[in-house]
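Data from input_30.csv: CSV, C-alpha atoms
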```csv
chain,number,residue,atom,x,y,z
E,1,MET,CA,-17.2,56.7,10.5
E,2,PRO,CA,-17.6,60.3,9.5
E,3,ASN,CA,-14.6,60.4,7.2
E,4,SER,CA,-15.0,56.9,5.8
E,5,SER,CA,-15.1,57.9,2.2
E,6,ALA,CA,-12.6,60.8,2.4
E,7,THR,CA,-9.6,60.5,0.1
E,8,ALA,CA,-6.7,59.4,2.3
E,9,VAL,CA,-4.3,58.8,-0.6
E,10,THR,CA,-4.8,60.0,-4.2
E,11,SER,CA,-3.6,58.0,-7.2
E,12,ALA,CA,-0.7,60.4,-7.8
E,13,ALA,CA,0.3,60.2,-4.1
E,14,LEU,CA,0.3,56.4,-4.0
E,15,LEU,CA,2.5,56.2,-7.1
E,16,ALA,CA,4.9,58.8,-5.7
E,17,HIS,CA,5.0,56.9,-2.5
E,18,TRP,CA,5.7,53.6,-4.2
E,19,GLN,CA,8.4,55.1,-6.5
E,20,GLY,CA,10.1,56.5,-3.4
E,21,HIS,CA,10.2,53.0,-1.9
E,22,ARG,CA,11.4,51.6,-5.2
E,23,ARG,CA,14.3,54.1,-5.2
E,24,LEU,CA,15.3,52.9,-1.7
E,25,THR,CA,15.0,49.2,-2.7
E,26,ARG,CA,17.2,49.9,-5.7
E,27,ARG,CA,19.8,51.4,-3.4
E,28,LEU,CA,19.7,48.2,-1.3
E,29,ILE,CA,20.2,46.0,-4.3
E,30,GLU,CA,23.1,48.2,-5.3
E,31,ALA,CA,24.7,48.1,-1.8
E,32,TYR,CA,24.4,44.3,-1.7
E,33,PRO,CA,27.7,42.4,-2.2
E,34,GLU,CA,27.5,40.8,-5.7
E,35,ASP,CA,28.9,37.4,-4.5
E,36,LYS,CA,26.3,37.2,-1.6
E,37,LEU,CA,23.2,38.2,-3.6
E,38,PHE,CA,22.1,34.6,-4.4
E,39,THR,CA,24.0,32.8,-1.6
E,40,HIS,CA,23.6,34.6,1.7
E,41,SER,CA,20.6,33.7,3.9
E,42,ILE,CA,19.5,33.6,7.5
E,43,GLY,CA,17.3,30.9,9.2
E,44,GLY,CA,16.7,29.1,5.9
E,45,MET,CA,15.0,32.1,4.3
E,46,ARG,CA,15.3,33.0,0.6
E,47,THR,CA,18.3,35.0,-0.6
E,48,PHE,CA,18.0,38.7,-1.2
E,49,GLY,CA,18.5,38.1,-4.9
E,50,GLU,CA,15.5,35.7,-5.0
E,51,LEU,CA,13.5,38.2,-3.1
E,52,ALA,CA,14.4,41.0,-5.5
E,53,MET,CA,13.4,38.8,-8.4
E,54,GLU,CA,10.0,38.1,-6.7
E,55,LEU,CA,9.5,41.9,-6.2
E,56,MET,CA,10.1,42.4,-9.9
E,57,SER,CA,7.7,39.6,-10.8
E,58,MET,CA,5.0,41.4,-8.8
E,59,GLY,CA,5.6,45.2,-9.3
E,60,ALA,CA,5.1,46.2,-12.9
E,61,PRO,CA,3.0,43.0,-13.7
E,62,MET,CA,0.6,44.0,-10.9
E,63,VAL,CA,0.0,47.4,-12.5
E,64,ARG,CA,-0.1,45.9,-16.0
E,65,GLY,CA,-2.8,43.5,-14.9
E,66,THR,CA,-4.8,46.2,-13.2
E,67,VAL,CA,-4.8,48.2,-16.4
E,68,THR,CA,-5.1,45.5,-19.1
E,69,GLY,CA,-6.2,42.3,-17.4
E,70,ASP,CA,-3.0,40.6,-18.7
E,71,TRP,CA,-1.6,38.9,-15.6
E,72,GLN,CA,1.5,37.3,-17.2
E,73,THR,CA,4.6,37.3,-15.0
E,74,SER,CA,7.9,35.5,-14.6
E,75,TRP,CA,8.6,32.7,-12.1
E,76,ASP,CA,12.3,32.6,-12.9
E,77,ARG,CA,14.4,33.2,-9.8
E,78,ASN,CA,17.7,32.0,-11.1
E,79,PRO,CA,20.8,33.9,-10.1
E,80,ARG,CA,22.0,36.6,-12.4
E,81,PRO,CA,24.4,39.5,-12.3
E,82,LYS,CA,23.5,42.5,-10.1
E,83,ALA,CA,23.8,44.8,-13.1
E,84,GLU,CA,21.1,42.8,-14.9
E,85,ILE,CA,18.8,43.1,-12.0
E,86,LEU,CA,19.3,46.8,-11.7
E,87,ARG,CA,18.6,47.2,-15.4
E,88,ALA,CA,15.4,45.3,-15.2
E,89,TRP,CA,14.5,47.3,-12.1
E,90,ASP,CA,14.9,50.5,-13.9
E,91,GLU,CA,12.8,49.3,-16.9
E,92,ALA,CA,10.1,48.3,-14.5
E,93,THR,CA,10.2,51.8,-12.9
E,94,THR,CA,9.5,53.4,-16.2
E,95,GLU,CA,6.8,50.9,-17.1
E,96,ILE,CA,5.0,51.4,-13.7
E,97,ASP,CA,5.0,55.2,-14.4
E,98,GLU,CA,3.6,54.7,-17.9
E,99,LEU,CA,1.0,52.1,-16.9
E,100,TRP,CA,-0.1,53.8,-13.7
E,101,LYS,CA,-1.6,56.8,-15.5
E,102,GLN,CA,-3.7,54.4,-17.5
E,103,ILE,CA,-5.5,53.0,-14.5
E,104,PRO,CA,-9.1,54.1,-14.8
E,105,PRO,CA,-10.0,56.2,-11.8
E,106,GLU,CA,-12.8,53.9,-10.8
E,107,ARG,CA,-10.6,50.8,-11.0
E,108,PHE,CA,-8.9,51.4,-7.6
E,109,SER,CA,-12.2,50.5,-5.8
E,110,GLU,CA,-13.1,47.6,-8.1
E,111,THR,CA,-12.7,44.0,-7.2
E,112,ILE,CA,-10.3,42.2,-9.5
E,113,LYS,CA,-8.5,38.8,-9.5
E,114,ALA,CA,-4.7,39.4,-9.7
E,115,PHE,CA,-2.5,36.8,-11.4
E,116,GLY,CA,-5.6,34.6,-11.8
E,117,GLN,CA,-5.8,33.8,-8.1
E,118,TYR,CA,-5.7,36.7,-5.7
E,119,GLU,CA,-9.1,38.3,-5.5
E,120,GLY,CA,-9.5,41.7,-3.9
E,121,VAL,CA,-10.1,45.4,-4.2
E,122,ALA,CA,-7.5,46.7,-6.7
E,123,SER,CA,-6.1,49.3,-4.2
E,124,ASP,CA,-5.6,46.6,-1.6
E,125,LEU,CA,-3.8,44.4,-4.1
E,126,LEU,CA,-1.6,47.4,-5.1
E,127,LEU,CA,-0.9,48.1,-1.4
E,128,TYR,CA,0.0,44.4,-0.9
E,129,VAL,CA,2.6,44.6,-3.6
E,130,ILE,CA,4.1,47.7,-2.0
E,131,ASP,CA,4.0,46.2,1.5
E,132,ASN,CA,5.6,43.0,0.3
E,133,GLU,CA,8.5,45.1,-1.1
E,134,ILE,CA,8.9,46.9,2.2
E,135,HIS,CA,8.7,43.6,4.1
E,136,HIS,CA,11.3,41.8,2.1
E,137,ARG,CA,13.5,44.8,1.9
E,138,GLY,CA,13.4,44.9,5.8
E,139,GLN,CA,14.7,41.3,5.6
E,140,GLY,CA,17.4,42.6,3.2
E,141,TYR,CA,18.4,45.2,5.8
E,142,VAL,CA,19.2,42.4,8.3
E,143,TYR,CA,21.1,40.3,5.7
E,144,LEU,CA,23.2,43.4,4.8
E,145,ARG,CA,24.0,44.2,8.5
E,146,SER,CA,24.9,40.6,9.1
E,147,LEU,CA,27.3,40.9,6.2
E,148,GLY,CA,28.9,44.0,7.9
E,149,VAL,CA,27.4,46.4,5.3
E,150,ASP,CA,25.6,49.6,6.4
E,151,PRO,CA,22.3,49.7,4.6
E,152,PRO,CA,21.0,53.0,3.1
E,153,PRO,CA,18.8,55.0,5.6
E,154,PHE,CA,15.1,53.9,5.6
E,155,TYR,CA,13.7,57.5,5.7
E,156,ASP,CA,15.6,58.7,2.6
E,157,ARG,CA,13.4,58.1,-0.5
E,158,SER,CA,15.1,60.6,-2.8
F,1,MET,CA,-1.6,62.2,-15.2
F,2,PRO,CA,-5.3,61.7,-16.0
F,3,ASN,CA,-6.1,59.9,-12.8
F,4,SER,CA,-3.9,62.0,-10.5
F,5,SER,CA,-6.6,63.2,-8.1
F,6,ALA,CA,-8.6,59.9,-8.2
F,7,THR,CA,-9.1,58.3,-4.8
F,8,ALA,CA,-6.7,55.4,-4.6
F,9,VAL,CA,-7.3,54.7,-0.9
F,10,THR,CA,-10.1,56.0,1.2
F,11,SER,CA,-9.8,56.8,4.9
F,12,ALA,CA,-11.8,53.7,5.9
F,13,ALA,CA,-9.6,51.5,3.6
F,14,LEU,CA,-6.4,52.9,5.0
F,15,LEU,CA,-7.5,52.3,8.6
F,16,ALA,CA,-8.6,48.8,7.8
F,17,HIS,CA,-5.3,48.2,6.0
F,18,TRP,CA,-3.3,49.3,8.9
F,19,GLN,CA,-5.3,47.4,11.5
F,20,GLY,CA,-4.7,44.3,9.4
F,21,HIS,CA,-1.0,44.9,9.6
F,22,ARG,CA,-1.3,45.6,13.3
F,23,ARG,CA,-3.0,42.2,13.9
F,24,LEU,CA,0.0,40.6,12.1
F,25,THR,CA,2.6,42.5,14.1
F,26,ARG,CA,0.8,41.5,17.3
F,27,ARG,CA,1.0,37.9,16.3
F,28,LEU,CA,4.7,38.3,15.7
F,29,ILE,CA,5.2,39.8,19.2
F,30,GLU,CA,3.1,36.9,20.6
F,31,ALA,CA,5.3,34.3,18.8
F,32,TYR,CA,8.5,35.9,20.0
F,33,PRO,CA,10.3,33.9,22.8
F,34,GLU,CA,10.0,36.1,25.9
F,35,ASP,CA,13.6,35.6,27.0
F,36,LYS,CA,14.8,36.8,23.5
F,37,LEU,CA,12.6,39.9,23.1
F,38,PHE,CA,15.1,42.4,24.5
F,39,THR,CA,18.3,40.3,24.1
F,40,HIS,CA,18.4,38.8,20.6
F,41,SER,CA,19.8,40.9,17.7
F,42,ILE,CA,21.7,40.4,14.4
F,43,GLY,CA,24.4,42.7,13.0
F,44,GLY,CA,24.2,45.1,15.9
F,45,MET,CA,20.6,46.1,15.2
F,46,ARG,CA,18.0,46.8,17.8
F,47,THR,CA,16.2,44.0,19.5
F,48,PHE,CA,12.6,43.2,18.4
F,49,GLY,CA,11.4,44.4,21.9
F,50,GLU,CA,12.9,47.8,21.3
F,51,LEU,CA,11.5,47.9,17.8
F,52,ALA,CA,8.0,47.0,19.1
F,53,MET,CA,8.3,49.9,21.7
F,54,GLU,CA,9.2,52.2,18.9
F,55,LEU,CA,6.2,51.2,16.8
F,56,MET,CA,4.0,51.9,19.8
F,57,SER,CA,5.6,55.3,20.3
F,58,MET,CA,4.7,56.2,16.7
F,59,GLY,CA,1.3,54.5,16.0
F,60,ALA,CA,-1.4,55.9,18.2
F,61,PRO,CA,0.6,59.1,18.9
F,62,MET,CA,0.8,59.8,15.2
F,63,VAL,CA,-3.0,59.6,14.8
F,64,ARG,CA,-3.5,61.6,18.1
F,65,GLY,CA,-1.2,64.3,16.8
F,66,THR,CA,-2.9,64.4,13.4
F,67,VAL,CA,-6.3,64.9,15.1
F,68,THR,CA,-5.4,67.1,18.1
F,69,GLY,CA,-2.0,68.7,17.4
F,70,ASP,CA,-0.7,67.0,20.7
F,71,TRP,CA,2.5,65.3,19.7
F,72,GLN,CA,3.5,63.8,23.0
F,73,THR,CA,5.0,60.3,22.9
F,74,SER,CA,7.2,58.0,24.9
F,75,TRP,CA,10.9,57.5,24.4
F,76,ASP,CA,11.1,54.7,26.9
F,77,ARG,CA,12.5,51.5,25.3
F,78,ASN,CA,13.3,49.6,28.5
F,79,PRO,CA,12.7,45.9,28.6
F,80,ARG,CA,9.3,44.8,30.0
F,81,PRO,CA,7.2,41.6,30.0
F,82,LYS,CA,5.7,40.5,26.7
F,83,ALA,CA,2.2,40.5,28.3
F,84,GLU,CA,2.6,44.2,29.1
F,85,ILE,CA,3.6,45.0,25.5
F,86,LEU,CA,0.6,43.1,24.2
F,87,ARG,CA,-1.7,44.9,26.6
F,88,ALA,CA,-0.4,48.3,25.5
F,89,TRP,CA,-0.6,47.2,21.8
F,90,ASP,CA,-4.3,46.3,22.3
F,91,GLU,CA,-5.0,49.7,24.0
F,92,ALA,CA,-3.4,51.5,21.1
F,93,THR,CA,-5.5,49.5,18.6
F,94,THR,CA,-8.7,50.8,20.3
F,95,GLU,CA,-7.3,54.3,20.5
F,96,ILE,CA,-6.3,54.3,16.8
F,97,ASP,CA,-9.9,53.3,15.9
F,98,GLU,CA,-11.4,56.0,18.1
F,99,LEU,CA,-9.1,58.8,16.9
F,100,TRP,CA,-9.1,57.9,13.2
F,101,LYS,CA,-12.7,58.7,12.8
F,102,GLN,CA,-12.0,62.1,14.2
F,103,ILE,CA,-9.5,63.0,11.5
F,104,PRO,CA,-11.1,65.9,9.5
F,105,PRO,CA,-11.5,64.7,5.9
F,106,GLU,CA,-9.4,67.6,4.5
F,107,ARG,CA,-6.5,66.8,7.0
F,108,PHE,CA,-5.1,64.0,5.0
F,109,SER,CA,-3.9,66.4,2.3
F,110,GLU,CA,-2.7,69.1,4.7
F,111,THR,CA,0.9,69.7,5.6
F,112,ILE,CA,1.6,69.1,9.3
F,113,LYS,CA,4.6,68.8,11.5
F,114,ALA,CA,4.6,65.5,13.3
F,115,PHE,CA,6.3,65.2,16.7
F,116,GLY,CA,7.5,68.8,16.3
F,117,GLN,CA,10.1,67.8,13.7
F,118,TYR,CA,8.8,65.8,10.7
F,119,GLU,CA,7.0,68.1,8.3
F,120,GLY,CA,5.0,66.5,5.5
F,121,VAL,CA,1.5,65.8,4.1
F,122,ALA,CA,-0.5,64.1,6.8
F,123,SER,CA,-1.3,61.1,4.6
F,124,ASP,CA,2.5,60.6,3.8
F,125,LEU,CA,3.3,60.7,7.5
F,126,LEU,CA,0.6,58.2,8.3
F,127,LEU,CA,1.9,55.9,5.5
F,128,TYR,CA,5.4,56.4,6.9
F,129,VAL,CA,4.3,55.0,10.3
F,130,ILE,CA,2.6,52.0,8.7
F,131,ASP,CA,5.7,51.4,6.4
F,132,ASN,CA,8.0,51.7,9.4
F,133,GLU,CA,5.9,49.0,11.1
F,134,ILE,CA,6.2,46.7,8.1
F,135,HIS,CA,9.9,47.4,7.8
F,136,HIS,CA,10.8,46.5,11.4
F,137,ARG,CA,8.4,43.6,11.4
F,138,GLY,CA,10.2,42.2,8.4
F,139,GLN,CA,13.4,42.5,10.5
F,140,GLY,CA,11.5,40.6,13.2
F,141,TYR,CA,10.7,37.8,10.8
F,142,VAL,CA,14.5,37.2,10.2
F,143,TYR,CA,15.2,37.4,14.0
F,144,LEU,CA,12.4,34.8,14.6
F,145,ARG,CA,13.7,32.5,11.9
F,146,SER,CA,17.2,32.8,13.2
F,147,LEU,CA,15.8,31.6,16.6
F,148,GLY,CA,14.2,28.6,14.9
F,149,VAL,CA,10.7,29.9,15.2
F,150,ASP,CA,8.3,29.9,12.3
F,151,PRO,CA,6.7,33.3,12.0
F,152,PRO,CA,3.0,33.8,11.2
F,153,PRO,CA,2.3,34.1,7.4
F,154,PHE,CA,2.7,37.6,5.9
F,155,TYR,CA,-0.5,37.4,3.9
F,156,ASP,CA,-2.8,36.6,6.7
F,157,ARG,CA,-4.2,39.8,8.3
F,158,SER,CA,-7.3,38.3,9.9
```
Render the structure in this file as structure tokens.
Amino acid sequence: MPNSSATAVTSAALLAHWQGHRRLTRRLIEAYPEDKLFTHSIGGMRTFGELAMELMSMGAPMVRGTVTGDWQTSWDRNPRPKAEILRAWDEATTEIDELWKQIPPERFSETIKAFGQYEGVASDLLLYVIDNEIHHRGQGYVYLRSLGVDPPPFYDRS
Amino acid sequence: MPNSSATAVTSAALLAHWQGHRRLTRRLIEAYPEDKLFTHSIGGMRTFGELAMELMSMGAPMVRGTVTGDWQTSWDRNPRPKAEILRAWDEATTEIDELWKQIPPERFSETIKAFGQYEGVASDLLLYVIDNEIHHRGQGYVYLRSLGVDPPPFYDRS
């Protein structure tokens, strides 16, 4: 393929892209009715609160591990107030910005083992974490609609 | 940011990443009960059949436009048999592979106007199309579960 090794997405662009998604996910958490966050579900799937906790256990920890090799994360999915989740979300946003600029340029194409078990090229693993957020947030859109709440528009990442 | 302009994702990696997602989306379409494809919905949202049609109207046409400047696409979302959707999906898969290698390397960072109305950096617009697929497929996961069907695993892109 003639353009195989061309840069499709730079480091700065991927971070900006992800942080745009994170702003949208934050709005979804904010829009979610507090009393439904850890109770509402469809088809036996996890609650949006549990999904949000999963996203937080993968986001900043993924970047931290990519930079430092420290793959610690939390498996706690217990219910907590929405304000606490939003506070942790914002802390993670700052942490991701700080850590991202410490990713060595060559690291993106190196093979690493995330969280001691997921082996792959670092950029694929980072994309996986972003995609997983989009995927579960899409699920959250349906939950919200089923609760009669209009979710924030998908295209707005401001 | 010291690694700002580092390559996070190459052209070949982004294509492979997308085609992996496309294989998963195809499996979801395949798993969907034919009689529910254009009838089942939650919270007043579009059916998964309509969403699949939207994804097809954005996928190959986005790459075609990026290469050729021809932004034609279809707005037809009328119900049709699943087999027809899968056939069109497979044709688009081949078309995307063919067109992708014709993207000039510098195009990814150029500002273009997709479909005559969405102005942005080409790589952001390509990512948008991929993300939109993940988003609506996540919606499809909930629809499928609500119909009592186990969706294919998210992590398997083979």
Kindly determine which residues of chain F lie within 7 Å of chain E, considering all atoms listed in the file, and give the answer as a ChimeraX atom specification.
/F:1-12,42-43,101,104-105,108,123,131,134-136,138-139,142,145-146,148
Superposition of chain F onto chain E by least squares over all sequentially paired C-alpha atoms; the transformed chain is requested as an mmCIF file with C-alpha atoms, in the coordinates of the input.
```
data_model
loop_
_atom_site.group_PDB
_atom_site.id
_atom_site.type_symbol
_atom_site.label_atom_id
_atom_site.label_comp_id
_atom_site.auth_asym_id
_atom_site.auth_seq_id
_atom_site.Cartn_x
_atom_site.Cartn_y
_atom_site.Cartn_z
ATOM 1 C CA MET F 1 -17.161 56.660 10.519
ATOM 2 C CA PRO F 2 -17.651 60.295 9.459
ATOM 3 C CA ASN F 3 -14.612 60.419 7.253
ATOM 4 C CA SER F 4 -14.935 56.914 5.786
ATOM 5 C CA SER F 5 -15.119 57.871 2.107
ATOM 6 C CA ALA F 6 -12.635 60.809 2.421
ATOM 7 C CA THR F 7 -9.624 60.529 0.135
ATOM 8 C CA ALA F 8 -6.720 59.461 2.288
ATOM 9 C CA VAL F 9 -4.338 58.826 -0.621
ATOM 10 C CA THR F 10 -4.772 59.946 -4.156
ATOM 11 C CA SER F 11 -3.543 58.001 -7.177
ATOM 12 C CA ALA F 12 -0.674 60.451 -7.792
ATOM 13 C CA ALA F 13 0.343 60.244 -4.065
ATOM 14 C CA LEU F 14 0.300 56.481 -4.063
ATOM 15 C CA LEU F 15 2.477 56.274 -7.185
ATOM 16 C CA ALA F 16 4.903 58.783 -5.797
ATOM 17 C CA HIS F 17 4.961 56.870 -2.507
ATOM 18 C CA TRP F 18 5.766 53.671 -4.162
ATOM 19 C CA GLN F 19 8.421 55.080 -6.472
ATOM 20 C CA GLY F 20 10.084 56.487 -3.368
ATOM 21 C CA HIS F 21 10.186 53.042 -1.880
ATOM 22 C CA ARG F 22 11.417 51.645 -5.167
ATOM 23 C CA ARG F 23 14.381 54.099 -5.206
ATOM 24 C CA LEU F 24 15.250 52.804 -1.689
ATOM 25 C CA THR F 25 15.002 49.144 -2.645
ATOM 26 C CA ARG F 26 17.221 49.830 -5.659
ATOM 27 C CA ARG F 27 19.810 51.343 -3.422
ATOM 28 C CA LEU F 28 19.678 48.273 -1.238
ATOM 29 C CA ILE F 29 20.237 45.980 -4.268
ATOM 30 C CA GLU F 30 23.124 48.291 -5.319
ATOM 31 C CA ALA F 31 24.735 48.040 -1.828
ATOM 32 C CA TYR F 32 24.420 44.280 -1.747
ATOM 33 C CA PRO F 33 27.788 42.413 -2.254
ATOM 34 C CA GLU F 34 27.438 40.699 -5.642
ATOM 35 C CA ASP F 35 28.917 37.398 -4.488
ATOM 36 C CA LYS F 36 26.293 37.264 -1.620
ATOM 37 C CA LEU F 37 23.146 38.166 -3.592
ATOM 38 C CA PHE F 38 22.069 34.600 -4.360
ATOM 39 C CA THR F 39 24.099 32.787 -1.639
ATOM 40 C CA HIS F 40 23.623 34.569 1.693
ATOM 41 C CA SER F 41 20.563 33.712 3.857
ATOM 42 C CA ILE F 42 19.585 33.523 7.566
ATOM 43 C CA GLY F 43 17.292 30.919 9.147
ATOM 44 C CA GLY F 44 16.684 29.122 5.890
ATOM 45 C CA MET F 45 14.981 32.091 4.236
ATOM 46 C CA ARG F 46 15.338 33.069 0.640
ATOM 47 C CA THR F 47 18.333 34.974 -0.530
ATOM 48 C CA PHE F 48 17.961 38.747 -1.193
ATOM 49 C CA GLY F 49 18.540 38.010 -4.968
ATOM 50 C CA GLU F 50 15.548 35.727 -5.030
ATOM 51 C CA LEU F 51 13.501 38.206 -3.060
ATOM 52 C CA ALA F 52 14.441 41.022 -5.496
ATOM 53 C CA MET F 53 13.325 38.732 -8.458
ATOM 54 C CA GLU F 54 10.076 38.191 -6.700
ATOM 55 C CA LEU F 55 9.452 41.903 -6.209
ATOM 56 C CA MET F 56 10.066 42.388 -9.912
ATOM 57 C CA SER F 57 7.644 39.604 -10.777
ATOM 58 C CA MET F 58 4.934 41.405 -8.779
ATOM 59 C CA GLY F 59 5.558 45.183 -9.311
ATOM 60 C CA ALA F 60 5.103 46.143 -12.911
ATOM 61 C CA PRO F 61 3.008 43.015 -13.653
ATOM 62 C CA MET F 62 0.570 43.990 -10.946
ATOM 63 C CA VAL F 63 0.013 47.450 -12.480
ATOM 64 C CA ARG F 64 -0.093 45.903 -16.049
ATOM 65 C CA GLY F 65 -2.732 43.457 -14.898
ATOM 66 C CA THR F 66 -4.770 46.154 -13.157
ATOM 67 C CA VAL F 67 -4.807 48.226 -16.383
ATOM 68 C CA THR F 68 -5.042 45.527 -19.087
ATOM 69 C CA GLY F 69 -6.288 42.316 -17.431
ATOM 70 C CA ASP F 70 -2.993 40.577 -18.692
ATOM 71 C CA TRP F 71 -1.607 38.846 -15.657
ATOM 72 C CA GLN F 72 1.476 37.290 -17.145
ATOM 73 C CA THR F 73 4.614 37.319 -14.987
ATOM 74 C CA SER F 74 7.888 35.523 -14.557
ATOM 75 C CA TRP F 75 8.574 32.741 -12.111
ATOM 76 C CA ASP F 76 12.249 32.641 -12.891
ATOM 77 C CA ARG F 77 14.361 33.213 -9.733
ATOM 78 C CA ASN F 78 17.707 32.011 -11.094
ATOM 79 C CA PRO F 79 20.826 33.825 -10.076
ATOM 80 C CA ARG F 80 22.000 36.591 -12.465
ATOM 81 C CA PRO F 81 24.436 39.540 -12.316
ATOM 82 C CA LYS F 82 23.498 42.464 -10.098
ATOM 83 C CA ALA F 83 23.822 44.840 -13.108
ATOM 84 C CA GLU F 84 21.130 42.856 -14.925
ATOM 85 C CA ILE F 85 18.768 43.075 -11.929
ATOM 86 C CA LEU F 86 19.315 46.811 -11.718
ATOM 87 C CA ARG F 87 18.676 47.210 -15.423
ATOM 88 C CA ALA F 88 15.403 45.286 -15.197
ATOM 89 C CA TRP F 89 14.444 47.254 -12.012
ATOM 90 C CA ASP F 90 14.951 50.543 -13.929
ATOM 91 C CA GLU F 91 12.817 49.264 -16.887
ATOM 92 C CA ALA F 92 10.040 48.345 -14.509
ATOM 93 C CA THR F 93 10.190 51.804 -12.874
ATOM 94 C CA THR F 94 9.499 53.416 -16.301
ATOM 95 C CA GLU F 95 6.812 50.879 -17.072
ATOM 96 C CA ILE F 96 5.081 51.426 -13.696
ATOM 97 C CA ASP F 97 4.981 55.196 -14.439
ATOM 98 C CA GLU F 98 3.584 54.663 -17.924
ATOM 99 C CA LEU F 99 0.911 52.142 -16.889
ATOM 100 C CA TRP F 100 -0.191 53.868 -13.678
ATOM 101 C CA LYS F 101 -1.573 56.795 -15.489
ATOM 102 C CA GLN F 102 -3.665 54.437 -17.507
ATOM 103 C CA ILE F 103 -5.450 53.002 -14.489
ATOM 104 C CA PRO F 104 -9.152 54.070 -14.842
ATOM 105 C CA PRO F 105 -10.003 56.207 -11.797
ATOM 106 C CA GLU F 106 -12.890 53.896 -10.746
ATOM 107 C CA ARG F 107 -10.545 50.771 -10.918
ATOM 108 C CA PHE F 108 -8.976 51.350 -7.601
ATOM 109 C CA SER F 109 -12.218 50.478 -5.807
ATOM 110 C CA GLU F 110 -13.140 47.570 -8.083
ATOM 111 C CA THR F 111 -12.699 43.945 -7.189
ATOM 112 C CA ILE F 112 -10.222 42.168 -9.479
ATOM 113 C CA LYS F 113 -8.440 38.889 -9.557
ATOM 114 C CA ALA F 114 -4.720 39.405 -9.706
ATOM 115 C CA PHE F 115 -2.512 36.780 -11.371
ATOM 116 C CA GLY F 116 -5.614 34.604 -11.815
ATOM 117 C CA GLN F 117 -5.716 33.735 -8.107
ATOM 118 C CA TYR F 118 -5.707 36.702 -5.680
ATOM 119 C CA GLU F 119 -9.128 38.309 -5.597
ATOM 120 C CA GLY F 120 -9.456 41.651 -3.830
ATOM 121 C CA VAL F 121 -10.051 45.416 -4.248
ATOM 122 C CA ALA F 122 -7.516 46.714 -6.711
ATOM 123 C CA SER F 123 -6.182 49.315 -4.275
ATOM 124 C CA ASP F 124 -5.634 46.562 -1.545
ATOM 125 C CA LEU F 125 -3.740 44.446 -4.049
ATOM 126 C CA LEU F 126 -1.580 47.349 -5.089
ATOM 127 C CA LEU F 127 -0.855 48.135 -1.391
ATOM 128 C CA TYR F 128 -0.089 44.443 -0.898
ATOM 129 C CA VAL F 129 2.669 44.601 -3.562
ATOM 130 C CA ILE F 130 4.181 47.742 -2.046
ATOM 131 C CA ASP F 131 3.959 46.189 1.531
ATOM 132 C CA ASN F 132 5.537 42.987 0.253
ATOM 133 C CA GLU F 133 8.405 45.111 -1.107
ATOM 134 C CA ILE F 134 8.891 46.824 2.241
ATOM 135 C CA HIS F 135 8.655 43.532 4.079
ATOM 136 C CA HIS F 136 11.365 41.730 2.081
ATOM 137 C CA ARG F 137 13.503 44.826 1.964
ATOM 138 C CA GLY F 138 13.430 44.935 5.730
ATOM 139 C CA GLN F 139 14.678 41.306 5.605
ATOM 140 C CA GLY F 140 17.397 42.592 3.268
ATOM 141 C CA TYR F 141 18.459 45.197 5.784
ATOM 142 C CA VAL F 142 19.193 42.404 8.396
ATOM 143 C CA TYR F 143 21.039 40.298 5.726
ATOM 144 C CA LEU F 144 23.170 43.399 4.828
ATOM 145 C CA ARG F 145 23.945 44.147 8.449
ATOM 146 C CA SER F 146 24.831 40.565 9.096
ATOM 147 C CA LEU F 147 27.376 40.907 6.204
ATOM 148 C CA GLY F 148 28.852 44.000 7.848
ATOM 149 C CA VAL F 149 27.412 46.397 5.356
ATOM 150 C CA ASP F 150 25.615 49.538 6.393
ATOM 151 C CA PRO F 151 22.346 49.781 4.532
ATOM 152 C CA PRO F 152 21.004 53.054 3.095
ATOM 153 C CA PRO F 153 18.732 54.979 5.576
ATOM 154 C CA PHE F 154 15.048 53.936 5.619
ATOM 155 C CA TYR F 155 13.765 57.491 5.629
ATOM 156 C CA ASP F 156 15.543 58.681 2.597
ATOM 157 C CA ARG F 157 13.431 58.109 -0.561
ATOM 158 C CA SER F 158 15.088 60.688 -2.802
#
```
Return as AutoDock Vina command-line options the centre and edge lengths, in Å with one decimal, of the box along x, y and z that encloses every atom of region 104-113 of chain E in the file, padded by 8 Å per side.
```
--center_x -10.8 --center_y 47.5 --center_z -10.3 --size_x 20.6 --size_y 33.4 --size_z 25.0
```
Residue neighbourhood Thr47 (chain E), 8 Å, all atoms listed in the file, exclusion window fewer than 5 positions, as a count of residues only
5
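CA of Phe115 (chain E) sits 29.1 Å away from CA of Val129 (chain F).
Once Gly116 (chain E) and its same-chain neighbours fewer than 5 positions away are set aside, Gly65, Gly69, Asp70, Trp71 and Gln72 of chain E remain within 10 Å of it when counting all atoms listed in the file.
With distances taken over all atoms listed in the file, E:Phe48 is the one residue among E:Phe48, E:Val63, E:Thr111, E:Asn78 lying closest to Pro33 (chain E).
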